[in-house]
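data-v1.txt follows (compact mmCIF, C-alpha atoms and all ligand atoms):
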# COMPACT_ATOMS: atom_id res chain seq x y z
CA MET A 1 79.15 67.58 -91.68
CA ALA A 2 80.03 68.35 -88.05
CA ILE A 3 81.33 71.88 -87.66
CA ALA A 4 82.57 73.15 -84.30
CA ILE A 5 83.79 76.54 -83.22
CA TYR A 6 86.61 77.37 -80.83
CA PRO A 7 86.18 81.06 -79.91
CA GLY A 8 88.51 83.34 -78.01
CA SER A 9 90.57 86.49 -77.94
CA PHE A 10 93.83 84.70 -78.87
CA ASP A 11 95.90 87.80 -78.06
CA PRO A 12 98.19 86.06 -78.86
CA VAL A 13 97.65 82.37 -79.60
CA HIS A 14 99.84 80.17 -77.34
CA PHE A 15 100.71 76.49 -77.00
CA GLY A 16 97.69 75.86 -74.74
CA HIS A 17 95.36 77.08 -77.51
CA LEU A 18 97.25 75.13 -80.15
CA ASP A 19 96.98 71.95 -78.09
CA ILE A 20 93.19 72.36 -77.90
CA ILE A 21 92.95 73.17 -81.63
CA GLU A 22 94.97 70.08 -82.55
CA ARG A 23 92.98 67.76 -80.27
CA ALA A 24 89.53 69.23 -81.02
CA SER A 25 90.15 69.14 -84.77
CA THR A 26 90.28 65.34 -84.63
CA HIS A 27 86.66 65.22 -83.42
CA TYR A 28 85.01 67.40 -86.07
CA ASP A 29 85.00 67.68 -89.86
CA THR A 30 85.75 71.39 -89.56
CA LEU A 31 86.91 73.44 -86.61
CA ILE A 32 86.45 77.20 -86.91
CA VAL A 33 88.90 79.11 -84.75
CA ALA A 34 87.07 82.39 -84.25
CA THR A 35 88.74 85.48 -82.88
CA ILE A 36 86.93 88.35 -81.23
CA ARG A 37 87.91 91.71 -79.84
CA ASN A 38 86.60 91.07 -76.35
CA PRO A 39 85.34 94.43 -74.96
CA GLN A 40 85.74 93.05 -71.44
CA LYS A 41 89.49 92.89 -72.00
CA ALA A 42 90.71 96.46 -72.16
CA GLN A 43 94.32 95.77 -73.07
CA GLN A 44 94.60 94.41 -76.57
CA LEU A 45 98.10 93.91 -77.91
CA PHE A 46 97.55 92.65 -81.46
CA GLU A 47 94.96 93.75 -83.99
CA LEU A 48 92.41 91.12 -85.04
CA ASP A 49 94.02 90.63 -88.46
CA GLU A 50 97.42 90.06 -86.82
CA ARG A 51 95.95 87.48 -84.45
CA GLU A 52 94.23 85.72 -87.33
CA GLU A 53 97.46 85.70 -89.33
CA MET A 54 99.36 84.10 -86.43
CA ILE A 55 96.63 81.46 -85.93
CA ARG A 56 96.73 80.66 -89.67
CA GLU A 57 100.51 80.25 -89.56
CA VAL A 58 100.57 77.98 -86.51
CA THR A 59 97.69 75.79 -87.73
CA ALA A 60 98.95 75.45 -91.32
CA HIS A 61 99.67 71.75 -90.70
CA LEU A 62 95.98 71.05 -89.98
CA SER A 63 93.71 70.62 -93.00
CA ASN A 64 90.29 71.11 -91.39
CA ILE A 65 90.79 74.46 -89.66
CA LYS A 66 89.15 77.72 -90.69
CA VAL A 67 90.19 80.98 -89.09
CA GLU A 68 87.59 83.74 -88.86
CA PHE A 69 86.76 86.74 -86.74
CA PHE A 70 83.34 87.67 -85.45
CA LYS A 71 81.52 90.60 -83.91
CA GLY A 72 78.42 90.43 -81.76
CA LEU A 73 77.04 87.27 -80.27
CA LEU A 74 78.95 84.04 -80.66
CA VAL A 75 75.71 82.10 -81.17
CA ASP A 76 74.67 84.32 -84.10
CA PHE A 77 77.99 83.69 -85.79
CA ALA A 78 77.66 79.99 -84.97
CA ARG A 79 74.17 79.74 -86.46
CA ASP A 80 75.26 81.60 -89.63
CA HIS A 81 78.05 79.06 -90.09
CA ASP A 82 75.99 75.95 -89.35
CA VAL A 83 78.02 75.25 -86.21
CA ARG A 84 76.84 72.33 -84.05
CA ALA A 85 79.24 72.62 -81.14
CA ILE A 86 81.21 75.21 -79.21
CA VAL A 87 84.57 74.01 -77.90
CA LYS A 88 86.00 75.66 -74.77
CA SER A 89 89.03 74.73 -72.73
CA LEU A 90 89.30 74.47 -68.98
CA ARG A 91 92.68 75.10 -67.41
CA ALA A 92 91.58 74.77 -63.81
CA VAL A 93 88.49 74.75 -61.60
CA SER A 94 88.73 78.55 -61.47
CA ASP A 95 87.76 78.71 -65.17
CA PHE A 96 84.67 76.62 -64.61
CA ASP A 97 82.15 79.05 -63.05
CA TYR A 98 82.32 81.59 -65.85
CA GLU A 99 82.56 78.99 -68.60
CA LEU A 100 79.54 77.14 -67.25
CA GLN A 101 77.53 80.35 -67.17
CA MET A 102 78.49 81.18 -70.77
CA ALA A 103 77.72 77.64 -71.92
CA GLN A 104 74.28 77.78 -70.32
CA MET A 105 73.57 81.22 -71.77
CA ASN A 106 74.68 80.16 -75.24
CA HIS A 107 72.50 77.06 -75.00
CA ARG A 108 69.50 79.10 -73.86
CA LEU A 109 69.99 81.52 -76.77
CA SER A 110 70.56 78.97 -79.51
CA GLY A 111 70.32 75.35 -78.39
CA ILE A 112 74.01 74.91 -79.31
CA ASP A 113 75.96 72.80 -76.84
CA THR A 114 79.39 73.59 -75.44
CA PHE A 115 81.98 70.83 -75.08
CA PHE A 116 84.71 71.41 -72.53
CA MET A 117 88.20 70.08 -73.07
CA PRO A 118 90.75 69.98 -70.28
CA THR A 119 93.96 71.79 -71.11
CA SER A 120 96.95 69.47 -71.15
CA PRO A 121 98.64 69.76 -67.73
CA GLN A 122 101.88 71.19 -69.12
CA TYR A 123 99.93 74.22 -70.35
CA SER A 124 97.51 74.80 -67.49
CA PHE A 125 99.45 77.83 -66.21
CA LEU A 126 99.39 79.55 -69.60
CA SER A 127 97.28 82.57 -70.49
CA SER A 128 97.67 85.18 -73.20
CA SER A 129 97.76 87.96 -70.63
CA LEU A 130 100.68 86.35 -68.74
CA VAL A 131 102.52 85.69 -72.01
CA ARG A 132 102.11 89.38 -72.92
CA GLU A 133 103.40 90.45 -69.53
CA VAL A 134 106.45 88.19 -69.60
CA ALA A 135 107.28 89.27 -73.18
CA ARG A 136 106.75 92.95 -72.35
CA PHE A 137 109.54 92.76 -69.78
CA GLY A 138 111.88 90.77 -71.98
CA GLY A 139 111.23 87.31 -70.47
CA ASP A 140 111.71 84.14 -72.51
CA VAL A 141 108.38 82.94 -73.92
CA SER A 142 109.83 80.43 -76.38
CA SER A 143 108.39 77.45 -74.48
CA MET A 144 104.95 79.07 -74.30
CA VAL A 145 104.23 80.23 -77.85
CA PRO A 146 105.16 79.09 -81.36
CA THR A 147 108.29 80.71 -82.86
CA VAL A 148 106.32 83.04 -85.17
CA VAL A 149 104.39 84.39 -82.19
CA ALA A 150 107.54 84.82 -80.08
CA GLN A 151 109.06 86.79 -82.94
CA ARG A 152 106.00 89.06 -83.23
CA LEU A 153 106.05 89.68 -79.48
CA LYS A 154 109.73 90.57 -79.66
CA GLU A 155 109.11 93.01 -82.50
CA ARG A 156 106.10 94.56 -80.74
CA PHE A 157 107.97 95.20 -77.50
CA ALA A 158 111.18 96.34 -79.20
CA LYS A 159 109.42 99.61 -80.10
O1 LIG A 201 89.48 84.26 -74.88
P1 LIG A 201 88.31 84.88 -74.17
O2 LIG A 201 88.42 86.40 -74.24
O3 LIG A 201 88.16 84.38 -72.77
O4 LIG A 201 87.00 84.45 -74.97
C1 LIG A 201 85.72 84.88 -74.54
C2 LIG A 201 84.71 84.77 -75.69
C3 LIG A 201 85.19 85.57 -76.89
C4 LIG A 201 84.55 83.33 -76.08
C5 LIG A 201 83.36 85.34 -75.17
O5 LIG A 201 83.59 86.59 -74.61
C6 LIG A 201 82.32 85.46 -76.25
O6 LIG A 201 81.77 84.48 -76.71
N1 LIG A 201 82.05 86.71 -76.69
C7 LIG A 201 81.11 87.00 -77.75
C8 LIG A 201 79.90 87.78 -77.24
C9 LIG A 201 78.87 86.83 -76.70
O7 LIG A 201 78.36 85.96 -77.38
N2 LIG A 201 78.56 87.02 -75.40
C10 LIG A 201 77.66 86.16 -74.68
C11 LIG A 201 78.45 85.04 -74.03
S1 LIG A 201 77.43 84.01 -73.11
Please rewrite the model in this file as structure tokens.
Amino acid sequence: MAIAIYPGSFDPVHFGHLDIIERASTHYDTLIVATIRNPQKAQQLFELDEREEMIREVTAHLSNIKVEFFKGLLVDFARDHDVRAIVKSLRAVSDFDYELQMAQMNHRLSGIDTFFMPTSPQYSFLSSSLVREVARFGGDVSSMVPTVVAQRLKERFAK
């Protein structure tokens, strides 16, 4: 059984992520969407359980998705879950340097390969941090995130 993992902060999940999840899930028996509290990203908007809940809701139409969170090294989590492949998305060339470095490090640590998927062009400008910023100032994010996520953002910034 081919199990892959798609890791990220997903704070919050947006249409660019969902596009990758939908496309990647067709290539593997199971795709684990794994959320992490990334210590390199100081500003977290949603708690891990909220992010997981949103991912579960927006992937409910896909039968081979598991949603998990992990702490520590991605490759340790991957090994514990019998994962054969790490899926990462590339929005633009600017993503490549860091992603390549992580892929090489993860391979050195575990032998697990990373498979890069290009983001669909209509989503290449999207990032969770920009979505948070637009929503924080009352901008319309309805074309960028699923309805349940837009609603959560609205509630969060109404306070
Ligand atoms: O959505 P993000 O924040 O860009 O995702 C980055 C993530 C979570 C995939 C990366 O930071 C990660 O894998 N963190 C886990 C810790 C780890 O394994 N670090 C070594 C990476 S080579």
Residues around (82.2, 69.3, -74.6), cut-off 10 Å, counting all atoms listed in the file - what are they as JSON, numbers by chain? {"A": [24, 85, 86, 87, 88, 89, 103, 113, 114, 115, 116, 117, 118]}
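With distances restricted to all atoms listed in the file, A:Ile20 is the closest residue to Val33 in chain A from A:Leu73, A:Val145, A:Met105, A:Ile20.
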How close does each residue of chain A get to ligand LIG 201 (chain A), giving the shortest atom pair and distance in Å to one decimal for every residue with an atom at most 7 Å away, counting all atoms listed in the file, sorted by chain and residue number, as a tab-separated table?
residue	atom	partner	partner_atom	distance
A:Pro7	CA	A:LIG201	C4	4.7
A:Gly8	CA	A:LIG201	O1	3.4
A:Ser9	CA	A:LIG201	O1	3.9
A:Phe10	CA	A:LIG201	O1	5.9
A:Thr35	CA	A:LIG201	C3	7.0
A:Ile36	CA	A:LIG201	C3	5.4
A:Asn38	CA	A:LIG201	O2	5.4
A:Lys41	CA	A:LIG201	O2	6.9
A:Gly72	CA	A:LIG201	C8	5.4
A:Leu73	CA	A:LIG201	O7	3.4
A:Leu74	CA	A:LIG201	O7	3.8
A:Val75	CA	A:LIG201	O7	6.0
A:Gln101	CA	A:LIG201	S1	7.0
A:Met102	CA	A:LIG201	S1	3.8
A:Ala103	CA	A:LIG201	S1	6.5
A:Met105	CA	A:LIG201	S1	4.9
A:Asn106	CA	A:LIG201	S1	5.2
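Between Arg84 in chain A and the candidates A:Leu62, A:Lys71, A:Ile112, A:Val13, the tightest atom-to-atom separation, counting all atoms listed in the file, involves A:Ile112.
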Quick one: distance from CA of Arg56 in chain A to CA of Leu126 in chain A in Å, one decimal? 20.3 Å
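Proximity to Arg37 in chain A was assessed for A:Glu57, A:Asp11, A:Tyr6, A:Leu90 counting all atoms listed in the file; the smallest distance is recorded for A:Asp11.
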Which residues, written as a PyMOL selection string, have at least one atom at most 12 Å from Asp140 in chain A, with all atoms listed in the file counted and residues fewer than 6 positions away on the same chain left out? chain A and resi 130-134+147+150-151+153-154
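Pairwise distance (CA of Met1 in chain A, CA of Thr30 in chain A) equals 7.9 Å.
The neighbours of Thr119 in chain A here are the residues that come within 9 Å of it, using all atoms listed in the file and leaving out any residue fewer than 4 positions away in the same chain; they are Gly16, His17, Asp19, Ile20, Ser89, Leu90, Arg91, Ala92, Tyr123 and Ser124 of chain A.
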Can you spit out the residues from that selection as a JSON list (two decimals), keeping the file's coordinate frame, using C-alpha atoms?
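To be explicit, this is the file written out as result.json:
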[["chain", "number", "residue", "atom", "x", "y", "z"],
["A", 16, "GLY", "CA", 97.69, 75.86, -74.74],
["A", 17, "HIS", "CA", 95.36, 77.08, -77.51],
["A", 19, "ASP", "CA", 96.98, 71.95, -78.09],
["A", 20, "ILE", "CA", 93.19, 72.36, -77.90],
["A", 89, "SER", "CA", 89.03, 74.73, -72.73],
["A", 90, "LEU", "CA", 89.30, 74.47, -68.98],
["A", 91, "ARG", "CA", 92.68, 75.10, -67.41],
["A", 92, "ALA", "CA", 91.58, 74.77, -63.81],
["A", 123, "TYR", "CA", 99.93, 74.22, -70.35],
["A", 124, "SER", "CA", 97.51, 74.80, -67.49]]
Please define a box with edges along x, y and z of the file around all atoms of range 121-132 of chain A given in the file, extend it by 4 Å on each side, and return its centre and edge lengths in Å to one decimal, as AutoDock Vina command-line options.
--center_x 99.9 --center_y 79.6 --center_z -69.7 --size_x 13.2 --size_y 27.6 --size_z 15.0
Check the smallest atom-to-atom distance from each of A:Val148, A:Ala158, A:Tyr28, A:Phe125 to Ser63 in chain A using only C-alpha atoms, then report the winner. A:Tyr28
d(CA of Lys66 in chain A, CA of Ile32 in chain A) in Å: 4.7 Å
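Comparing A:Arg108, A:Arg51, A:Arg136, A:Val58 by their smallest distance to Arg156 in chain A, the closest is A:Arg136 (using all atoms listed in the file).
Nearest to Ile21 in chain A of all the residues A:Val93, A:Gln104, A:Pro39, A:Ala34 is A:Ala34, based on all atoms listed in the file.
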